[in-house]
file input34.txt (compact mmCIF, C-alpha atoms)
# COMPACT_ATOMS: atom_id res chain seq x y z
CA MET A 1 242.99 -219.83 -13.14
CA ALA A 2 244.59 -220.10 -16.56
CA LYS A 3 244.78 -223.89 -16.16
CA ASP A 4 241.10 -224.03 -15.21
CA VAL A 5 240.18 -222.09 -18.34
CA GLU A 6 242.36 -224.35 -20.46
CA VAL A 7 240.89 -227.52 -18.95
CA GLN A 8 237.36 -226.16 -19.41
CA GLU A 9 238.02 -225.23 -23.06
CA GLN A 10 239.53 -228.66 -23.76
CA GLY A 11 236.66 -230.37 -21.97
CA GLU A 12 234.10 -228.49 -24.04
CA TYR A 13 236.04 -229.21 -27.21
CA SER A 14 236.18 -232.97 -26.58
CA ALA A 15 232.57 -233.29 -25.45
CA LYS A 16 230.91 -230.75 -27.69
CA ASP A 17 227.61 -231.62 -29.33
CA TYR A 18 228.40 -229.95 -32.64
CA HIS A 19 231.11 -230.10 -35.28
CA ASP A 20 232.72 -227.13 -36.95
CA PRO A 21 233.00 -227.55 -40.72
CA PRO A 22 236.61 -227.86 -41.87
CA PRO A 23 238.18 -224.55 -42.90
CA ALA A 24 237.96 -223.78 -46.59
CA PRO A 25 241.25 -224.19 -48.46
CA LEU A 26 243.01 -221.01 -49.51
CA PHE A 27 243.14 -222.20 -53.12
CA ASP A 28 240.72 -224.78 -54.48
CA PRO A 29 241.10 -225.08 -58.29
CA GLU A 30 238.65 -227.99 -58.30
CA GLU A 31 235.84 -225.48 -57.67
CA LEU A 32 236.31 -224.19 -61.18
CA THR A 33 235.24 -227.57 -62.59
CA GLN A 34 231.96 -227.75 -60.66
CA TRP A 35 228.62 -226.49 -61.96
CA SER A 36 227.51 -225.67 -58.42
CA PHE A 37 230.25 -223.03 -58.26
CA TYR A 38 229.04 -221.23 -61.38
CA ARG A 39 225.45 -221.58 -60.23
CA ALA A 40 226.47 -219.79 -57.02
CA LEU A 41 228.09 -217.00 -59.04
CA ILE A 42 224.91 -216.55 -61.06
CA ALA A 43 222.86 -216.46 -57.85
CA GLU A 44 225.11 -213.74 -56.39
CA PHE A 45 224.89 -211.73 -59.61
CA ILE A 46 221.10 -211.90 -59.85
CA ALA A 47 220.57 -211.27 -56.14
CA THR A 48 222.75 -208.15 -56.16
CA LEU A 49 221.05 -206.94 -59.36
CA LEU A 50 217.62 -207.24 -57.75
CA PHE A 51 218.87 -205.64 -54.55
CA LEU A 52 220.16 -202.52 -56.33
CA TYR A 53 217.16 -202.28 -58.64
CA VAL A 54 214.60 -202.20 -55.83
CA THR A 55 216.56 -200.07 -53.38
CA VAL A 56 217.72 -197.44 -55.89
CA LEU A 57 214.18 -197.01 -57.19
CA THR A 58 212.96 -196.66 -53.58
CA ILE A 59 215.44 -193.83 -52.96
CA ILE A 60 214.54 -192.06 -56.20
CA GLY A 61 210.82 -192.45 -55.52
CA TYR A 62 211.21 -190.97 -52.05
CA LYS A 63 213.14 -187.94 -53.35
CA ARG A 64 210.57 -187.42 -56.10
CA GLN A 65 207.67 -187.50 -53.64
CA THR A 66 209.32 -185.04 -51.25
CA ASP A 67 210.55 -182.61 -53.93
CA ALA A 68 209.06 -179.21 -53.11
CA ASN A 69 209.50 -178.11 -56.72
CA VAL A 70 206.79 -180.54 -57.80
CA GLY A 71 204.50 -180.00 -54.82
CA GLY A 72 205.98 -182.59 -52.50
CA THR A 73 206.45 -182.19 -48.74
CA GLU A 74 208.61 -183.82 -46.09
CA CYS A 75 205.56 -185.80 -44.97
CA ASP A 76 205.19 -187.48 -48.38
CA GLY A 77 206.92 -190.66 -49.48
CA VAL A 78 208.25 -193.57 -47.48
CA GLY A 79 210.77 -191.51 -45.50
CA ILE A 80 214.10 -192.68 -44.14
CA LEU A 81 212.31 -195.44 -42.25
CA GLY A 82 210.86 -196.78 -45.51
CA ILE A 83 214.23 -196.66 -47.27
CA ALA A 84 215.81 -198.57 -44.40
CA TRP A 85 213.03 -201.16 -44.62
CA ALA A 86 213.61 -201.49 -48.37
CA PHE A 87 217.29 -202.31 -47.85
CA GLY A 88 216.75 -204.60 -44.86
CA GLY A 89 213.72 -206.30 -46.38
CA MET A 90 215.47 -207.03 -49.66
CA ILE A 91 218.46 -208.52 -47.85
CA PHE A 92 216.11 -210.70 -45.80
CA ILE A 93 214.34 -211.92 -48.95
CA LEU A 94 217.47 -212.45 -51.03
CA VAL A 95 219.49 -214.17 -48.30
CA TYR A 96 216.55 -216.50 -47.72
CA CYS A 97 216.34 -217.29 -51.44
CA THR A 98 220.05 -217.78 -52.13
CA ALA A 99 221.54 -219.05 -48.86
CA GLY A 100 221.28 -222.67 -49.99
CA ILE A 101 222.91 -221.93 -53.34
CA SER A 102 225.68 -219.41 -52.77
CA GLY A 103 225.48 -218.63 -49.07
CA GLY A 104 223.57 -215.42 -49.78
CA HIS A 105 226.47 -212.98 -49.43
CA ILE A 106 225.25 -210.19 -51.79
CA ASN A 107 228.03 -208.00 -50.39
CA PRO A 108 231.82 -208.03 -50.96
CA ALA A 109 232.37 -207.04 -47.31
CA VAL A 110 230.45 -210.11 -46.12
CA THR A 111 232.39 -212.28 -48.57
CA PHE A 112 235.69 -210.80 -47.35
CA GLY A 113 234.77 -211.40 -43.71
CA LEU A 114 233.81 -215.01 -44.42
CA PHE A 115 237.06 -215.47 -46.34
CA LEU A 116 239.05 -214.27 -43.32
CA GLY A 117 237.01 -216.68 -41.19
CA ARG A 118 238.05 -219.51 -43.56
CA LYS A 119 234.47 -220.09 -44.68
CA VAL A 120 235.20 -219.64 -48.42
CA SER A 121 238.28 -220.07 -50.59
CA LEU A 122 240.19 -217.18 -52.16
CA ILE A 123 238.99 -218.11 -55.66
CA ARG A 124 235.35 -218.18 -54.57
CA ALA A 125 235.72 -214.92 -52.63
CA LEU A 126 237.26 -213.03 -55.55
CA LEU A 127 234.75 -214.27 -58.12
CA TYR A 128 231.84 -213.62 -55.76
CA MET A 129 232.99 -210.01 -55.47
CA VAL A 130 233.21 -209.69 -59.25
CA ALA A 131 229.70 -211.14 -59.64
CA GLN A 132 228.32 -208.85 -56.94
CA CYS A 133 229.84 -205.71 -58.46
CA ALA A 134 228.64 -206.69 -61.94
CA GLY A 135 225.15 -207.36 -60.59
CA ALA A 136 225.12 -204.00 -58.81
CA ILE A 137 226.08 -202.16 -62.00
CA CYS A 138 223.40 -203.96 -64.00
CA GLY A 139 220.74 -203.46 -61.32
CA THR A 140 221.44 -199.73 -61.10
CA GLY A 141 221.54 -199.48 -64.88
CA LEU A 142 218.15 -201.17 -65.05
CA ALA A 143 216.74 -198.68 -62.54
CA LYS A 144 218.12 -195.79 -64.61
CA GLY A 145 216.66 -197.30 -67.78
CA PHE A 146 213.16 -197.29 -66.29
CA GLN A 147 213.34 -193.79 -64.76
CA LYS A 148 216.18 -191.96 -66.50
CA ALA A 149 214.92 -188.40 -65.92
CA TYR A 150 214.23 -188.96 -62.22
CA TYR A 151 217.44 -190.96 -61.83
CA ASN A 152 219.64 -188.10 -63.06
CA ARG A 153 217.64 -185.44 -61.20
CA TYR A 154 217.65 -187.14 -57.80
CA GLY A 155 221.21 -188.43 -57.52
CA GLY A 156 220.84 -192.00 -58.70
CA GLY A 157 220.88 -193.45 -55.19
CA ALA A 158 224.66 -192.99 -55.07
CA ASN A 159 226.57 -192.84 -51.78
CA SER A 160 228.56 -189.78 -50.74
CA VAL A 161 229.48 -187.94 -47.56
CA ALA A 162 226.54 -185.74 -46.57
CA ASP A 163 226.93 -182.00 -46.04
CA GLY A 164 227.96 -181.18 -42.50
CA TYR A 165 229.99 -184.38 -42.01
CA ASN A 166 233.69 -184.92 -42.66
CA LYS A 167 235.27 -187.96 -44.27
CA GLY A 168 236.60 -189.27 -40.96
CA THR A 169 233.11 -189.39 -39.50
CA ALA A 170 231.80 -191.07 -42.65
CA LEU A 171 234.58 -193.66 -42.57
CA GLY A 172 233.86 -194.43 -38.91
CA ALA A 173 230.15 -194.84 -39.66
CA GLU A 174 230.92 -197.29 -42.46
CA ILE A 175 233.34 -199.30 -40.31
CA ILE A 176 230.93 -199.63 -37.39
CA GLY A 177 227.91 -200.27 -39.61
CA THR A 178 229.70 -203.06 -41.48
CA PHE A 179 230.95 -204.53 -38.22
CA VAL A 180 227.34 -204.84 -37.03
CA LEU A 181 226.32 -206.55 -40.27
CA VAL A 182 229.21 -209.01 -40.56
CA TYR A 183 229.13 -209.83 -36.84
CA THR A 184 225.43 -210.66 -37.26
CA VAL A 185 226.21 -212.87 -40.26
CA PHE A 186 228.79 -214.86 -38.30
CA SER A 187 226.49 -215.20 -35.29
CA ALA A 188 223.42 -216.17 -37.33
CA THR A 189 225.34 -218.88 -39.20
CA ASP A 190 227.40 -220.19 -36.28
CA PRO A 191 227.41 -224.03 -36.45
CA LYS A 192 227.36 -224.18 -32.63
CA ARG A 193 224.02 -222.34 -32.50
CA ASN A 194 222.66 -224.23 -35.49
CA ALA A 195 223.30 -227.55 -33.75
CA ARG A 196 221.64 -226.56 -30.47
CA ASP A 197 218.75 -224.46 -31.81
CA SER A 198 217.00 -226.15 -34.72
CA HIS A 199 215.14 -222.95 -35.67
CA VAL A 200 218.32 -220.88 -36.16
CA PRO A 201 219.09 -221.93 -39.79
CA VAL A 202 215.54 -221.05 -40.87
CA LEU A 203 215.56 -217.67 -39.13
CA ALA A 204 219.14 -216.68 -40.07
CA PRO A 205 218.08 -214.27 -42.86
CA LEU A 206 215.87 -212.35 -40.42
CA PRO A 207 218.57 -210.98 -38.07
CA ILE A 208 220.82 -210.28 -41.07
CA GLY A 209 218.10 -208.23 -42.77
CA PHE A 210 217.25 -206.53 -39.50
CA ALA A 211 220.90 -205.59 -38.97
CA VAL A 212 220.91 -203.91 -42.39
CA PHE A 213 217.70 -202.08 -41.47
CA MET A 214 219.06 -200.77 -38.15
CA VAL A 215 222.38 -199.66 -39.62
CA HIS A 216 220.56 -197.74 -42.34
CA LEU A 217 218.51 -195.87 -39.75
CA ALA A 218 221.73 -194.73 -38.08
CA THR A 219 223.89 -193.89 -41.09
CA ILE A 220 221.59 -192.71 -43.90
CA PRO A 221 222.00 -189.10 -42.70
CA VAL A 222 225.82 -189.46 -42.77
CA THR A 223 226.70 -191.39 -45.93
CA GLY A 224 223.42 -192.65 -47.33
CA THR A 225 224.67 -195.98 -45.88
CA GLY A 226 227.07 -198.07 -47.89
CA ILE A 227 228.23 -201.07 -45.79
CA ASN A 228 228.27 -202.87 -49.15
CA PRO A 229 231.03 -201.93 -51.63
CA ALA A 230 229.11 -203.42 -54.55
CA ARG A 231 226.06 -201.28 -53.79
CA SER A 232 228.19 -198.10 -53.65
CA PHE A 233 230.30 -199.04 -56.67
CA GLY A 234 227.36 -199.95 -58.91
CA ALA A 235 225.59 -196.67 -58.18
CA ALA A 236 228.82 -194.71 -58.70
CA VAL A 237 229.50 -196.31 -62.09
CA ILE A 238 226.05 -195.54 -63.47
CA TYR A 239 225.63 -192.06 -61.94
CA ASN A 240 229.28 -191.15 -62.66
CA ASP A 241 229.63 -187.91 -60.69
CA GLU A 242 232.96 -186.43 -59.59
CA LYS A 243 232.00 -186.04 -55.92
CA ILE A 244 230.70 -189.61 -55.81
CA TRP A 245 234.05 -190.88 -57.07
CA ASP A 246 235.98 -188.64 -54.66
CA ASP A 247 234.18 -190.30 -51.74
CA GLN A 248 234.18 -193.81 -53.19
CA TRP A 249 237.23 -195.02 -51.24
CA ILE A 250 235.29 -194.57 -47.99
CA PHE A 251 232.75 -197.15 -49.14
CA TRP A 252 235.47 -199.73 -49.77
CA VAL A 253 237.93 -199.10 -46.94
CA GLY A 254 235.22 -198.73 -44.28
CA PRO A 255 233.36 -201.97 -45.05
CA ILE A 256 236.57 -203.98 -45.53
CA VAL A 257 237.97 -202.82 -42.17
CA GLY A 258 234.62 -203.39 -40.42
CA ALA A 259 234.33 -206.89 -41.88
CA ALA A 260 237.88 -207.79 -40.86
CA VAL A 261 237.34 -206.64 -37.26
CA ALA A 262 234.03 -208.54 -37.05
CA ALA A 263 235.62 -211.74 -38.38
CA PHE A 264 238.48 -211.49 -35.88
CA TYR A 265 236.16 -210.70 -32.98
CA HIS A 266 233.78 -213.58 -33.65
CA GLN A 267 236.29 -216.25 -34.64
CA TYR A 268 239.20 -215.53 -32.31
CA ILE A 269 237.57 -213.94 -29.27
CA LEU A 270 234.01 -215.25 -28.98
CA ARG A 271 234.72 -218.66 -30.50
CA ALA A 272 238.31 -218.71 -29.18
CA ALA A 273 239.64 -220.35 -32.33
CA ALA A 274 243.24 -219.62 -31.38
CA ILE A 275 242.86 -221.21 -27.92
CA LYS A 276 241.17 -224.30 -29.36
CA ALA A 277 243.89 -224.68 -31.97
CA LEU A 278 246.56 -224.40 -29.26
CA GLY A 279 244.76 -226.96 -27.10
CA SER A 280 244.51 -229.36 -30.02
CA PHE A 281 248.21 -228.87 -30.78
CA ARG A 282 249.19 -229.61 -27.15
CA SER A 283 247.00 -232.70 -26.99
CA ASN A 284 248.64 -234.08 -30.14
CA ALA A 285 252.14 -233.23 -28.97
call {"tool": "encode", "arguments": {"input": "input34.txt", "output": "structure tokens"}}
result
Amino acid sequence: MAKDVEVQEQGEYSAKDYHDPPPAPLFDPEELTQWSFYRALIAEFIATLLFLYVTVLTIIGYKRQTDANVGGTECDGVGILGIAWAFGGMIFILVYCTAGISGGHINPAVTFGLFLGRKVSLIRALLYMVAQCAGAICGTGLAKGFQKAYYNRYGGGANSVADGYNKGTALGAEIIGTFVLVYTVFSATDPKRNARDSHVPVLAPLPIGFAVFMVHLATIPVTGTGINPARSFGAAVIYNDEKIWDDQWIFWVGPIVGAAVAAFYHQYILRAAAIKALGSFRSNA
């Protein structure tokens, strides 16, 4: 049985109708001399800025409209469904706009997962994360600048563990939510699917945005939904509240763990990268 599986894997590998791109080098200093690299950093910065600006203002607007102290009711505003749509819709738009320039990561957890999958180099991954966090801080700061009074009154869109939930539950929600997102990213950008289904590259931003939407529906009541360390960090820096900082580690550890598990699952179980590498090694021996 094991031999049959091995023969089948080798047969598919030799006769496959697609080609995996070569793995990204761990270190690639030449990237630092290319304008396309800095253009990608700018794209990640601007995309994350726009993402935080729109989504934070959506959260603040919803809380303002439902504030009973100013005559609001629970039936007013966009509701949790509308907030989830704001996050998912912005990711869909921004991934579509930037995928051809930077890959449309807009999330350090996505970047980390793709780094583990050997899709980006270490230098690119680290500088992407810096650009994303800087963009998140600027986007949240811009939102506060436009609505400072409401921003301070309604929590600034910052993530924290909701009342009634413990930190273990919140961490689990962040791990699973990020797993869903990063697994979707790997699946939507899989070169095997892209080669066999010509519509997949065009539609890739749609399932990614929809994954963000669905995860928000499930986890907004628990943590406000992080699944993006830059989003949580940017809001924490600008709002600067003690409880927000006490919970901040959850919104880094959870997404990083979830991204790592998703990268391993897709690359080494579904795509059987380890088996293919072993087969290639044996054939060359």
call {"tool": "closest_residue", "arguments": {"input": "input34.txt", "among": "A:Leu206, A:Val185, A:Cys138, A:Leu114", "to": "Tyr96 of chain A", "atoms": "all atoms listed in the file"}}
result
A:Leu206
call {"tool": "closest_residue", "arguments": {"input": "input34.txt", "among": "A:Asn159, A:Ser121, A:Asn152, A:Thr169", "to": "Leu32 of chain A", "atoms": "only C-alpha atoms"}}
result
A:Ser121
call {"tool": "closest_atom_pairs", "arguments": {"input": "input34.txt", "of": "segment 70-119 of chain A", "to": "segment 234-256 of chain A", "cutoff": "12 Å", "atoms": "all atoms listed in the file", "output": "Markdown table"}}
result
| residue | atom | partner | partner_atom | distance |
| --- | --- | --- | --- | --- |
| A:Asn107 | CA | A:Pro255 | CA | 9.7 |
| A:Pro108 | CA | A:Ile256 | CA | 8.3 |
| A:Ala109 | CA | A:Ile256 | CA | 5.5 |
| A:Val110 | CA | A:Ile256 | CA | 8.7 |
| A:Thr111 | CA | A:Ile256 | CA | 9.8 |
| A:Phe112 | CA | A:Ile256 | CA | 7.1 |
| A:Gly113 | CA | A:Ile256 | CA | 7.8 |
| A:Leu114 | CA | A:Ile256 | CA | 11.4 |
| A:Phe115 | CA | A:Ile256 | CA | 11.5 |
| A:Leu116 | CA | A:Ile256 | CA | 10.8 |
call {"tool": "residues_around", "arguments": {"input": "input34.txt", "residues": "Asp20 of chain A", "least_positions_apart": "4", "cutoff": "9 Å", "atoms": "all atoms listed in the file", "output": "list in words"}}
result
Asp190, Pro191 and Lys192 of chain A
call {"tool": "write_last_selection", "arguments": {"input": "input34.txt", "atoms": "C-alpha atoms", "output": "short mmCIF file (atom, residue, chain, number, x, y, z; two decimals), in the frame of the given file"}}
result
data_model
loop_
_atom_site.label_atom_id
_atom_site.label_comp_id
_atom_site.auth_asym_id
_atom_site.auth_seq_id
_atom_site.Cartn_x
_atom_site.Cartn_y
_atom_site.Cartn_z
CA ASP A 190 227.40 -220.19 -36.28
CA PRO A 191 227.41 -224.03 -36.45
CA LYS A 192 227.36 -224.18 -32.63
#
call {"tool": "closest_residue", "arguments": {"input": "input34.txt", "among": "A:Arg39, A:Ile137, A:Gln147, A:Glu31", "to": "Leu122 of chain A", "atoms": "all atoms listed in the file"}}
result
A:Glu31
call {"tool": "closest_residue", "arguments": {"input": "input34.txt", "among": "A:Ala173, A:Val222, A:Leu203, A:Ala68", "to": "Ser160 of chain A", "atoms": "all atoms listed in the file"}}
result
A:Val222
call {"tool": "residues_around", "arguments": {"input": "input34.txt", "residues": "Ser102 of chain A", "least_positions_apart": "4", "cutoff": "7 Å", "atoms": "only C-alpha atoms", "output": "MDAnalysis selection string"}}
result
chainID A and resid 40 43:44 98
call {"tool": "atom_distance", "arguments": {"input": "input34.txt", "atom1": "atom CA of Ala162 of chain A", "atom2": "atom CA of Gly141 of chain A"}}
result
23.4 Å
call {"tool": "closest_residue", "arguments": {"input": "input34.txt", "among": "A:Leu270, A:Val180, A:Ala125, A:Val212", "to": "Phe37 of chain A", "atoms": "all atoms listed in the file"}}
result
A:Ala125
call {"tool": "closest_residue", "arguments": {"input": "input34.txt", "among": "A:Leu26, A:Ile59, A:Val215, A:Leu181", "to": "Gly79 of chain A", "atoms": "all atoms listed in the file"}}
result
A:Ile59
